[in-house]
$ cat model_30.cif   # mmCIF, C-alpha atoms and all ligand atoms
data_run
#
loop_
_atom_site.label_atom_id
_atom_site.label_comp_id
_atom_site.auth_asym_id
_atom_site.auth_seq_id
_atom_site.Cartn_x
_atom_site.Cartn_y
_atom_site.Cartn_z
CA MET A 1 17.79 15.48 25.37
CA ASP A 2 14.85 15.01 22.99
CA ALA A 3 11.29 14.57 24.26
CA LYS A 4 11.34 10.77 24.31
CA ASN A 5 14.69 10.57 26.09
CA TYR A 6 13.60 13.19 28.60
CA PHE A 7 10.45 11.26 29.60
CA ASP A 8 12.30 7.92 29.63
CA TYR A 9 14.76 9.60 32.01
CA LEU A 10 11.97 10.92 34.28
CA LEU A 11 10.19 7.55 34.29
CA SER A 12 13.42 5.78 35.29
CA LEU A 13 14.11 8.38 37.98
CA GLU A 14 10.63 8.30 39.50
CA GLY A 15 10.61 6.42 42.79
CA ARG A 16 14.42 6.27 42.93
CA TYR A 17 15.06 9.93 43.62
CA LEU A 18 12.93 12.90 44.63
CA LEU A 19 11.75 14.65 41.46
CA THR A 20 11.83 18.45 41.34
CA ALA A 21 8.52 20.30 41.10
CA ASN A 22 9.07 20.91 37.38
CA GLN A 23 10.03 17.29 36.68
CA ARG A 24 6.92 16.15 38.55
CA LYS A 25 4.77 18.58 36.55
CA ASP A 26 6.30 17.42 33.24
CA LEU A 27 5.85 13.76 34.14
CA ILE A 28 2.23 14.17 35.25
CA SER A 29 1.30 16.06 32.11
CA TYR A 30 3.12 13.47 29.96
CA GLN A 31 1.35 10.55 31.67
CA ASN A 32 -2.01 12.33 31.56
CA GLY A 33 -1.48 12.94 27.85
CA ILE A 34 -0.78 9.25 27.25
CA ASP A 35 -3.76 8.12 29.37
CA GLY A 36 -6.16 10.52 27.66
CA GLU A 37 -5.03 9.68 24.13
CA SER A 38 -5.02 5.95 24.76
CA TYR A 39 -8.57 6.16 26.14
CA PHE A 40 -9.83 8.27 23.23
CA LYS A 41 -8.16 5.94 20.73
CA ALA A 42 -10.02 2.99 22.28
CA PHE A 43 -13.24 5.03 22.07
CA LEU A 44 -12.63 5.85 18.37
CA ASN A 45 -11.80 2.25 17.53
CA ASN A 46 -15.36 1.29 18.40
CA PHE A 47 -16.41 3.11 15.24
CA SER A 48 -14.85 0.61 12.88
CA GLN A 49 -15.82 2.37 9.63
CA LEU A 50 -13.74 5.44 10.42
CA SER A 51 -10.21 6.32 9.34
CA TYR A 52 -8.15 8.73 11.40
CA LEU A 53 -4.66 10.02 12.04
CA ASN A 54 -3.26 10.06 15.56
CA ASP A 55 -0.68 12.68 16.56
CA PHE A 56 -0.60 14.43 13.19
CA GLU A 57 2.14 17.08 13.00
CA PHE A 58 2.72 19.52 10.18
CA GLY A 59 4.08 22.98 9.34
CA SER A 60 7.49 24.43 9.95
CA ASN A 61 7.16 28.05 11.03
CA ASN A 62 3.68 27.53 12.41
CA HIS A 63 4.12 24.04 13.71
CA VAL A 64 0.86 22.25 14.56
CA GLN A 65 0.26 19.00 16.39
CA ILE A 66 -3.25 17.52 16.23
CA ASP A 67 -4.15 14.69 18.62
CA PHE A 68 -6.71 13.01 16.35
CA LEU A 69 -7.83 13.89 12.84
CA VAL A 70 -10.88 11.89 11.79
CA ALA A 71 -12.17 11.60 8.23
CA THR A 72 -15.98 11.23 8.06
CA THR A 73 -18.23 11.12 5.01
CA ASN A 74 -17.89 14.77 4.07
CA LYS A 75 -15.59 16.52 6.52
CA LEU A 76 -12.49 16.31 8.66
CA VAL A 77 -12.87 16.47 12.42
CA ILE A 78 -10.09 17.55 14.79
CA PHE A 79 -10.11 16.19 18.33
CA GLU A 80 -7.79 17.69 20.94
CA ILE A 81 -7.62 15.60 24.09
CA LYS A 82 -7.22 17.08 27.58
CA HIS A 83 -6.91 14.68 30.50
CA TYR A 84 -6.94 17.30 33.28
CA SER A 85 -8.34 16.52 36.71
CA ASP A 86 -9.62 18.89 39.45
CA GLU A 87 -11.53 22.11 38.95
CA TRP A 88 -10.67 24.40 36.03
CA TYR A 89 -12.05 27.73 34.88
CA PHE A 90 -11.62 30.11 31.97
CA GLU A 91 -10.23 33.57 32.60
CA ASN A 92 -10.07 35.55 29.35
CA ASP A 93 -7.89 33.47 27.04
CA VAL A 94 -6.43 31.28 29.74
CA LEU A 95 -7.62 28.04 31.35
CA LYS A 96 -6.62 27.87 35.03
CA ASN A 97 -6.91 25.58 38.01
CA ARG A 98 -6.77 26.37 41.71
CA TYR A 99 -3.18 25.12 42.02
CA GLY A 100 -2.01 28.00 39.85
CA ILE A 101 -1.52 25.94 36.69
CA GLU A 102 -2.41 27.91 33.58
CA VAL A 103 -2.65 26.86 29.96
CA LYS A 104 -3.51 28.87 26.89
CA SER A 105 -7.20 28.53 26.03
CA PRO A 106 -7.67 25.24 24.18
CA LEU A 107 -10.44 26.98 22.19
CA LEU A 108 -7.86 29.38 20.74
CA GLN A 109 -5.50 26.49 20.08
CA LEU A 110 -8.30 24.64 18.28
CA GLN A 111 -9.14 27.69 16.15
CA ARG A 112 -5.49 28.01 15.14
CA HIS A 113 -5.25 24.32 14.27
CA GLN A 114 -8.43 24.52 12.16
CA HIS A 115 -7.05 27.56 10.33
CA GLU A 116 -3.62 26.02 9.71
CA LEU A 117 -5.15 22.75 8.53
CA GLN A 118 -7.46 24.63 6.15
CA GLN A 119 -4.39 26.44 4.74
CA LEU A 120 -2.57 23.15 4.31
CA LEU A 121 -5.58 21.67 2.48
CA TYR A 122 -5.73 24.71 0.15
CA SER A 123 -2.05 24.36 -0.62
CA CYS A 124 -2.69 20.73 -1.63
CA GLY A 125 -5.56 21.83 -3.87
CA HIS A 126 -8.40 20.62 -1.64
CA HIS A 127 -11.28 22.23 0.15
CA LEU A 128 -13.23 20.45 2.83
CA GLU A 129 -15.21 21.44 5.90
CA ILE A 130 -13.22 21.11 9.13
CA GLU A 131 -14.86 20.75 12.53
CA GLY A 132 -13.10 20.64 15.88
CA TYR A 133 -13.68 19.49 19.44
CA ILE A 134 -11.80 19.59 22.71
CA VAL A 135 -12.51 16.44 24.66
CA PHE A 136 -11.92 16.27 28.42
CA THR A 137 -11.34 12.57 28.93
CA ASN A 138 -10.77 12.51 32.68
CA PRO A 139 -13.89 11.72 34.74
CA HIS A 140 -12.24 13.64 37.62
CA PHE A 141 -12.23 16.87 35.65
CA ILE A 142 -14.51 19.46 37.26
CA PRO A 143 -15.69 22.39 35.14
CA SER A 144 -16.13 25.60 37.19
CA SER A 145 -19.59 27.04 37.74
CA SER A 146 -18.77 29.66 35.09
CA TRP A 147 -17.79 27.03 32.52
CA PRO A 148 -18.89 28.27 29.07
CA HIS A 149 -21.55 26.48 27.04
CA HIS A 150 -19.60 25.89 23.89
CA ASN A 151 -20.38 23.20 21.31
CA SER A 152 -16.69 22.43 20.88
CA LEU A 153 -16.11 21.57 24.56
CA ILE A 154 -17.01 17.96 25.31
CA LEU A 155 -16.83 16.65 28.87
CA PHE A 156 -16.35 13.01 29.83
CA HIS A 157 -20.07 12.42 30.48
CA GLU A 158 -20.94 14.05 27.14
CA LEU A 159 -18.87 11.72 24.95
CA HIS A 160 -22.06 10.13 23.59
CA GLN A 161 -22.74 13.44 21.81
CA LEU A 162 -19.95 12.53 19.40
CA SER A 163 -21.62 9.31 18.29
CA PRO A 164 -23.65 10.85 15.41
CA ILE A 165 -20.46 12.35 13.94
CA LEU A 166 -18.35 9.25 14.44
CA SER A 167 -21.03 6.92 13.11
CA MET A 168 -20.51 8.39 9.65
CA LYS A 169 -18.44 6.21 7.39
CA THR A 170 -15.18 7.56 5.95
CA SER A 171 -15.80 8.23 2.25
CA GLN A 172 -13.25 7.53 -0.47
CA GLN A 173 -12.90 11.28 -1.04
CA THR A 174 -12.04 12.11 2.58
CA LEU A 175 -9.79 9.04 2.82
CA ASP A 176 -7.83 10.28 -0.22
CA ILE A 177 -7.44 13.68 1.44
CA LEU A 178 -6.27 12.04 4.67
CA ASN A 179 -3.63 10.19 2.63
CA VAL A 180 -2.52 13.44 0.96
CA LEU A 181 -2.18 15.04 4.41
CA THR A 182 -0.12 12.12 5.69
CA LEU A 183 2.48 12.97 3.06
CA GLN A 184 2.65 16.52 4.47
CA SER A 185 3.36 15.40 8.03
CA LYS A 186 6.51 16.74 9.65
CA ARG A 187 7.54 15.48 13.03
CA HIS A 188 8.92 18.23 15.20
CA SER A 189 8.61 16.66 18.62
CA THR A 190 11.66 14.51 17.93
CA TYR A 191 13.77 17.66 17.56
CA TYR A 192 12.59 19.06 20.88
CA GLN A 193 15.61 19.55 23.07
CA LYS A 194 15.53 19.95 26.82
CA GLU A 195 18.68 20.91 28.66
CA ILE A 196 18.66 19.24 32.05
CA ILE A 197 21.08 18.52 34.84
CA THR A 198 21.05 14.77 35.39
CA HIS A 199 21.70 13.00 38.66
CA PHE A 200 22.97 9.46 39.18
CA ASP A 201 24.41 7.32 41.92
CA LEU A 202 24.17 3.63 42.76
CA ASN A 203 22.10 4.36 45.86
CA MET A 204 19.19 4.80 43.46
CA ALA A 205 19.28 1.01 42.93
CA GLY A 206 16.20 -1.15 43.50
CA LEU A 207 13.93 -3.50 41.56
CA ARG A 208 10.88 -1.87 40.01
CA CYS A 209 7.85 -4.01 39.09
CA PRO A 210 7.49 -3.73 35.28
CA HIS A 211 3.70 -3.57 35.59
CA CYS A 212 2.69 -1.40 38.54
CA ARG A 213 6.11 0.35 38.71
CA LYS A 214 6.27 -0.04 42.51
CA PHE A 215 9.40 -0.88 44.50
CA HIS A 216 9.90 -3.36 47.38
CA THR A 217 7.04 -5.58 46.16
CA ILE A 218 9.12 -8.32 44.59
CA LYS A 219 10.69 -11.18 46.51
CA ILE A 220 13.60 -12.72 44.65
CA ILE A 221 13.93 -16.48 44.95
CA ASN A 222 17.03 -17.65 43.16
CA LYS A 223 16.66 -20.08 40.27
CA LYS A 224 12.94 -19.20 39.92
CA LYS A 225 12.10 -18.28 36.32
CA PHE A 226 9.09 -16.15 37.32
CA ILE A 227 8.44 -13.67 40.09
CA THR A 228 5.09 -12.33 41.35
CA CYS A 229 4.60 -8.74 42.50
CA SER A 230 2.87 -8.61 45.89
CA HIS A 231 1.16 -5.33 44.94
CA CYS A 232 -0.31 -5.90 41.45
CA HIS A 233 -0.05 -9.73 41.59
CA THR A 234 1.36 -9.83 38.07
CA GLN A 235 3.69 -12.66 37.23
CA THR A 236 6.79 -11.60 35.29
CA LYS A 237 9.73 -13.52 33.88
CA THR A 238 12.71 -12.83 36.15
CA GLU A 239 14.74 -12.09 33.03
CA LYS A 240 12.27 -9.39 31.94
CA LEU A 241 12.35 -7.80 35.39
CA ILE A 242 16.15 -7.60 35.31
CA LEU A 243 16.19 -6.29 31.75
CA LEU A 244 13.77 -3.44 32.55
CA ASN A 245 15.75 -2.41 35.61
CA LEU A 246 19.10 -2.56 33.80
CA LYS A 247 17.67 -0.40 31.01
CA GLU A 248 16.77 2.15 33.68
CA LEU A 249 20.34 1.93 35.00
CA LEU A 250 21.60 2.74 31.52
CA ILE A 251 19.12 5.61 31.05
CA LEU A 252 20.00 7.17 34.41
CA LYS A 253 23.76 6.62 34.23
CA ARG A 254 23.77 7.84 30.63
CA SER A 255 26.89 5.77 29.91
CA PRO A 256 27.71 2.03 29.79
CA PHE A 257 27.61 0.12 33.09
CA THR A 258 29.85 -2.59 34.52
CA LEU A 259 28.73 -6.01 35.76
CA LYS A 260 29.56 -4.89 39.31
CA GLU A 261 27.19 -1.95 38.97
CA ALA A 262 24.48 -4.20 37.48
CA ILE A 263 24.78 -6.58 40.45
CA LYS A 264 24.41 -3.75 42.94
CA TRP A 265 21.49 -2.31 40.94
CA CYS A 266 19.56 -5.59 40.87
CA TYR A 267 20.32 -6.78 44.40
CA PRO A 268 19.52 -9.51 45.58
CA VAL A 269 19.44 -11.25 42.17
CA ASN A 270 22.45 -13.55 41.85
CA GLU A 271 25.49 -12.68 39.73
CA HIS A 272 25.03 -15.60 37.34
CA THR A 273 21.50 -14.50 36.31
CA ILE A 274 22.53 -10.86 35.87
CA ARG A 275 25.54 -11.81 33.77
CA ARG A 276 23.28 -13.95 31.55
CA VAL A 277 20.82 -11.07 30.97
CA CYS A 278 23.68 -8.61 30.30
CA ASN A 279 25.22 -10.91 27.70
CA LYS A 280 21.89 -11.76 26.08
CA TYR A 281 20.40 -8.28 25.69
CA PHE A 282 23.26 -5.76 25.81
CA GLN A 283 26.30 -5.08 23.69
CA SER A 284 29.60 -4.88 25.50
CA ASP A 285 33.25 -3.90 25.24
CA THR A 286 35.64 -6.76 25.12
CA ASN A 287 38.29 -5.22 27.35
CA ARG A 288 39.08 -6.31 30.91
CA ASN A 289 36.63 -3.95 32.58
CA GLN A 290 33.65 -5.07 30.49
CA ARG A 291 30.92 -2.42 30.13
CA PHE A 292 27.39 -2.96 28.79
CA TYR A 293 25.25 -0.70 26.60
CA LEU A 294 22.45 -0.76 24.01
CA ASP A 295 22.77 0.44 20.42
CA GLY A 296 23.02 4.21 20.39
CA ASN A 297 23.72 4.53 24.13
CA LYS A 298 27.45 3.92 24.17
CA SER A 299 28.66 7.49 23.87
CA ASP A 300 25.60 9.13 25.40
ZN ZN A 401 3.54 -4.85 40.50
#
$ encode --input "model_30.cif" --output "structure tokens" --more "lines below"
Ligand SMILES: [Zn+2]
Amino acid sequence: MDAKNYFDYLLSLEGRYLLTANQRKDLISYQNGIDGESYFKAFLNNFSQLSYLNDFEFGSNNHVQIDFLVATTNKLVIFEIKHYSDEWYFENDVLKNRYGIEVKSPLLQLQRHQHELQQLLYSCGHHLEIEGYIVFTNPHFIPSSSWPHHNSLILFHELHQLSPILSMKTSQQTLDILNVLTLQSKRHSTYYQKEIITHFDLNMAGLRCPHCRKFHTIKIINKKKFITCSHCHTQTKTEKLILLNLKELLILKRSPFTLKEAIKWCYPVNEHTIRRVCNKYFQSDTNRNQRFYLDGNKSD
């Protein structure tokens, strides 16, 4: 399973079945990554005169993935985003928290990324200053009392320190270099393969709110075009609710589903509505025991 399929699988499984400790860890780090990057992107977008690359990957043997690469007037700036919460401390070249989670020092990672990017620039015939920062975007991140004073480490309440750098306008020269680098990008994350044992049975059925992702918060009233979640109070088209939940059925089952399975999965929505959504959004076999799937999922 590649990275995207793996996280789609975990997201569909969450709340329907007890995740293992490793699945929980993977899902939390994935969601934290998304939250942190989406926040930093919003922060960057306030500096409208800047051009940047998000999730820039390059290299084959020494594969590098940079969260944000910003082009200012006269230099490139790397930003690595960490959305950790709780208390963390450095021990030699490792960053640790009190729950026993350890990650390689982000300072070392940043140094390596700066070096590899400099090499890539040289190989394209360019030379430009490269600066780098690690930004801790979670306000619930607590640096230990021994936290190092390092210019490259930016905590949530220190984000304003980046304003002078980000207020610089992207120059034509750095923009051209950014465009040259774009041509060198190589996506590796799509080739990431994770071997996992999947689990599926129809007892995992239930309607998930598409917005807050909770269960048991939606009252189905037949023939109503819209439903309202009693937890997040969001109004959703009934059709969209069914579609999301049937997609999860497909992701978890990992093979086409029958109408009978769809009805059990979306209980208590009536058969007529489910059949309509199946026919509108899914492809299907034409044989007697009709089975529904989406492009690319049929033989999964
Ligand atoms: Zn909701």
$ residues_near_ligand --input "model_30.cif" --ligand "ligand ZN 401 (chain A)" --cutoff "12 Å" --atoms "all atoms listed in the file" --output "PDB file with C-alpha atoms, in the coordinates of the input"
ATOM      1  CA  LEU A 207      13.930  -3.500  41.560  1.00  0.00           C
ATOM      2  CA  ARG A 208      10.880  -1.870  40.010  1.00  0.00           C
ATOM      3  CA  CYS A 209       7.850  -4.010  39.090  1.00  0.00           C
ATOM      4  CA  PRO A 210       7.490  -3.730  35.280  1.00  0.00           C
ATOM      5  CA  HIS A 211       3.700  -3.570  35.590  1.00  0.00           C
ATOM      6  CA  CYS A 212       2.690  -1.400  38.540  1.00  0.00           C
ATOM      7  CA  ARG A 213       6.110   0.350  38.710  1.00  0.00           C
ATOM      8  CA  LYS A 214       6.270  -0.040  42.510  1.00  0.00           C
ATOM      9  CA  PHE A 215       9.400  -0.880  44.500  1.00  0.00           C
ATOM     10  CA  HIS A 216       9.900  -3.360  47.380  1.00  0.00           C
ATOM     11  CA  THR A 217       7.040  -5.580  46.160  1.00  0.00           C
ATOM     12  CA  ILE A 218       9.120  -8.320  44.590  1.00  0.00           C
ATOM     13  CA  LYS A 219      10.690 -11.180  46.510  1.00  0.00           C
ATOM     14  CA  ILE A 227       8.440 -13.670  40.090  1.00  0.00           C
ATOM     15  CA  THR A 228       5.090 -12.330  41.350  1.00  0.00           C
ATOM     16  CA  CYS A 229       4.600  -8.740  42.500  1.00  0.00           C
ATOM     17  CA  SER A 230       2.870  -8.610  45.890  1.00  0.00           C
ATOM     18  CA  HIS A 231       1.160  -5.330  44.940  1.00  0.00           C
ATOM     19  CA  CYS A 232      -0.310  -5.900  41.450  1.00  0.00           C
ATOM     20  CA  HIS A 233      -0.050  -9.730  41.590  1.00  0.00           C
ATOM     21  CA  THR A 234       1.360  -9.830  38.070  1.00  0.00           C
ATOM     22  CA  GLN A 235       3.690 -12.660  37.230  1.00  0.00           C
ATOM     23  CA  THR A 236       6.790 -11.600  35.290  1.00  0.00           C
ATOM     24  CA  LEU A 241      12.350  -7.800  35.390  1.00  0.00           C
TER      25      LEU A 241
END
$ residues_around --input "model_30.cif" --residues "stretch 48-54 of chain A" --least-positions-apart "3" --cutoff "10 Å" --atoms "only C-alpha atoms" --output "JSON, numbers by chain"
{"A": [37, 41, 44, 45, 57, 65, 66, 67, 68, 69, 70, 71, 72, 73, 76, 77, 78, 79, 166, 167, 168, 169, 170, 171, 174, 175, 178, 179, 181, 182]}
$ closest_residue --input "model_30.cif" --among "A:Asp93, A:Phe292, A:Ile251, A:Val277" --to "A:Thr238" --atoms "only C-alpha atoms"
A:Val277
$ atom_distance --input "model_30.cif" --atom1 "atom CA of A:Phe282" --atom2 "atom CA of A:Asp295"
8.2 Å
$ residues_around --input "model_30.cif" --residues "A:Leu13" --least-positions-apart "2" --cutoff "10 Å" --atoms "all atoms listed in the file" --output "list of chain:residue names"
A:Phe7, A:Asp8, A:Tyr9, A:Leu10, A:Leu11, A:Gly15, A:Arg16, A:Tyr17, A:Leu18, A:Leu19, A:Gln23, A:Thr198, A:His199, A:Phe200, A:Met204, A:Glu248, A:Leu249, A:Ile251, A:Leu252
$ closest_residue --input "model_30.cif" --among "A:Leu108, A:Leu153, A:Leu162, A:Leu117" --to "A:Phe43" --atoms "only C-alpha atoms"
A:Leu162
$ atom_distance --input "model_30.cif" --atom1 "atom CA of A:Pro256" --atom2 "atom CA of A:Gln283"
9.5 Å
$ atom_distance --input "model_30.cif" --atom1 "atom CA of A:Gly206" --atom2 "atom CA of A:Cys266"
6.2 Å
$ residues_around --input "model_30.cif" --residues "A:His83" --least-positions-apart "5" --cutoff "8 Å" --atoms "all atoms listed in the file" --output "PDB file with C-alpha atoms, keeping the file's coordinate frame"
ATOM      1  CA  ASN A  32      -2.010  12.330  31.560  1.00  0.00           C
ATOM      2  CA  GLY A  33      -1.480  12.940  27.850  1.00  0.00           C
ATOM      3  CA  ASP A  35      -3.760   8.120  29.370  1.00  0.00           C
ATOM      4  CA  GLY A  36      -6.160  10.520  27.660  1.00  0.00           C
ATOM      5  CA  PHE A 136     -11.920  16.270  28.420  1.00  0.00           C
ATOM      6  CA  THR A 137     -11.340  12.570  28.930  1.00  0.00           C
ATOM      7  CA  ASN A 138     -10.770  12.510  32.680  1.00  0.00           C
ATOM      8  CA  PHE A 141     -12.230  16.870  35.650  1.00  0.00           C
TER       9      PHE A 141
END
$ closest_residue --input "model_30.cif" --among "A:Phe257, A:Phe58, A:Tyr84, A:Tyr6" --to "A:Leu121" --atoms "all atoms listed in the file"
A:Phe58
$ axis_aligned_box --input "model_30.cif" --around "stretch 134-147 of chain A" --padding-each-side "4 Å" --output "JSON"
{"center_x": -15.2, "center_y": 20.7, "center_z": 30.2, "size_x": 16.8, "size_y": 25.9, "size_z": 23.0}
$ closest_residue --input "model_30.cif" --among "A:Glu129, A:Glu80, A:Glu91, A:Asp285" --to "A:Pro106" --atoms "only C-alpha atoms"
A:Glu80
$ decode --input "model_30.cif" --residues "stretch 73-160 of chain A" --atoms "C-alpha atoms" --output "mmCIF file, in the first residue's frame"
data_model
loop_
_atom_site.group_PDB
_atom_site.id
_atom_site.type_symbol
_atom_site.label_atom_id
_atom_site.label_comp_id
_atom_site.auth_asym_id
_atom_site.auth_seq_id
_atom_site.Cartn_x
_atom_site.Cartn_y
_atom_site.Cartn_z
ATOM 1 C CA THR A 73 15.155 38.650 -2.664
ATOM 2 C CA ASN A 74 18.594 37.088 -2.473
ATOM 3 C CA LYS A 75 18.360 33.656 -0.874
ATOM 4 C CA LEU A 76 16.382 30.460 -0.501
ATOM 5 C CA VAL A 77 14.918 29.620 2.887
ATOM 6 C CA ILE A 78 14.015 26.094 3.987
ATOM 7 C CA PHE A 79 11.262 25.651 6.565
ATOM 8 C CA GLU A 80 10.739 22.267 8.209
ATOM 9 C CA ILE A 81 7.491 22.093 10.140
ATOM 10 C CA LYS A 82 7.057 20.107 13.364
ATOM 11 C CA HIS A 83 3.614 20.009 14.947
ATOM 12 C CA TYR A 84 4.588 18.116 18.113
ATOM 13 C CA SER A 85 2.750 18.641 21.379
ATOM 14 C CA ASP A 86 3.871 17.943 24.981
ATOM 15 C CA GLU A 87 7.344 18.349 26.400
ATOM 16 C CA TRP A 88 10.382 17.500 24.269
ATOM 17 C CA TYR A 89 14.104 17.602 24.941
ATOM 18 C CA PHE A 90 17.327 17.067 23.042
ATOM 19 C CA GLU A 91 19.624 14.222 24.030
ATOM 20 C CA ASN A 92 22.728 14.188 21.830
ATOM 21 C CA ASP A 93 21.428 13.876 18.285
ATOM 22 C CA VAL A 94 17.948 12.770 19.240
ATOM 23 C CA LEU A 95 14.781 14.695 20.118
ATOM 24 C CA LYS A 96 12.704 12.844 22.721
ATOM 25 C CA ASN A 97 9.484 13.196 24.654
ATOM 26 C CA ARG A 98 8.440 11.662 27.955
ATOM 27 C CA TYR A 99 6.279 9.023 26.249
ATOM 28 C CA GLY A 100 9.394 7.432 24.797
ATOM 29 C CA ILE A 101 8.941 8.800 21.280
ATOM 30 C CA GLU A 102 12.269 9.636 19.664
ATOM 31 C CA VAL A 103 13.075 11.336 16.392
ATOM 32 C CA LYS A 104 16.403 12.121 14.801
ATOM 33 C CA SER A 105 17.489 15.676 15.597
ATOM 34 C CA PRO A 106 15.656 18.013 13.223
ATOM 35 C CA LEU A 107 18.785 20.230 13.304
ATOM 36 C CA LEU A 108 20.793 17.423 11.693
ATOM 37 C CA GLN A 109 17.994 16.821 9.207
ATOM 38 C CA LEU A 110 17.990 20.525 8.344
ATOM 39 C CA GLN A 111 21.773 20.572 7.867
ATOM 40 C CA ARG A 112 21.524 17.603 5.505
ATOM 41 C CA HIS A 113 18.710 19.224 3.526
ATOM 42 C CA GLN A 114 20.688 22.473 3.201
ATOM 43 C CA HIS A 115 23.734 20.532 1.998
ATOM 44 C CA GLU A 116 21.788 18.421 -0.509
ATOM 45 C CA LEU A 117 19.953 21.469 -1.845
ATOM 46 C CA GLN A 118 23.247 23.343 -2.256
ATOM 47 C CA GLN A 119 24.601 20.358 -4.230
ATOM 48 C CA LEU A 120 21.510 20.323 -6.412
ATOM 49 C CA LEU A 121 21.886 24.056 -7.089
ATOM 50 C CA TYR A 122 25.567 23.576 -8.043
ATOM 51 C CA SER A 123 24.634 20.791 -10.421
ATOM 52 C CA CYS A 124 22.177 23.178 -12.114
ATOM 53 C CA GLY A 125 24.895 25.819 -12.401
ATOM 54 C CA HIS A 126 23.618 28.125 -9.645
ATOM 55 C CA HIS A 127 24.945 29.380 -6.369
ATOM 56 C CA LEU A 128 22.734 31.034 -3.808
ATOM 57 C CA GLU A 129 22.717 31.413 -0.039
ATOM 58 C CA ILE A 130 20.440 28.909 1.705
ATOM 59 C CA GLU A 131 19.038 29.480 5.174
ATOM 60 C CA GLY A 132 16.959 27.038 7.190
ATOM 61 C CA TYR A 133 14.526 26.985 10.093
ATOM 62 C CA ILE A 134 12.620 24.383 12.054
ATOM 63 C CA VAL A 135 9.252 25.769 13.034
ATOM 64 C CA PHE A 136 7.254 24.236 15.888
ATOM 65 C CA THR A 137 3.709 25.159 14.915
ATOM 66 C CA ASN A 138 1.812 23.610 17.804
ATOM 67 C CA PRO A 139 1.049 26.019 20.671
ATOM 68 C CA HIS A 140 0.931 22.948 22.965
ATOM 69 C CA PHE A 141 4.567 22.144 22.300
ATOM 70 C CA ILE A 142 6.651 22.528 25.469
ATOM 71 C CA PRO A 143 10.422 22.903 25.110
ATOM 72 C CA SER A 144 12.343 21.324 28.019
ATOM 73 C CA SER A 145 14.242 23.523 30.452
ATOM 74 C CA SER A 146 17.452 22.470 28.679
ATOM 75 C CA TRP A 147 16.120 23.496 25.263
ATOM 76 C CA PRO A 148 19.032 24.923 23.225
ATOM 77 C CA HIS A 149 19.137 28.548 22.126
ATOM 78 C CA HIS A 150 19.541 28.050 18.430
ATOM 79 C CA ASN A 151 18.624 30.612 15.769
ATOM 80 C CA SER A 152 17.175 27.904 13.546
ATOM 81 C CA LEU A 153 14.631 26.697 16.120
ATOM 82 C CA ILE A 154 11.453 28.782 16.032
ATOM 83 C CA LEU A 155 8.685 28.149 18.547
ATOM 84 C CA PHE A 156 5.024 29.012 18.013
ATOM 85 C CA HIS A 157 5.223 32.256 20.019
ATOM 86 C CA GLU A 158 8.359 33.285 18.091
ATOM 87 C CA LEU A 159 6.809 33.135 14.612
ATOM 88 C CA HIS A 160 6.927 36.946 14.381
#
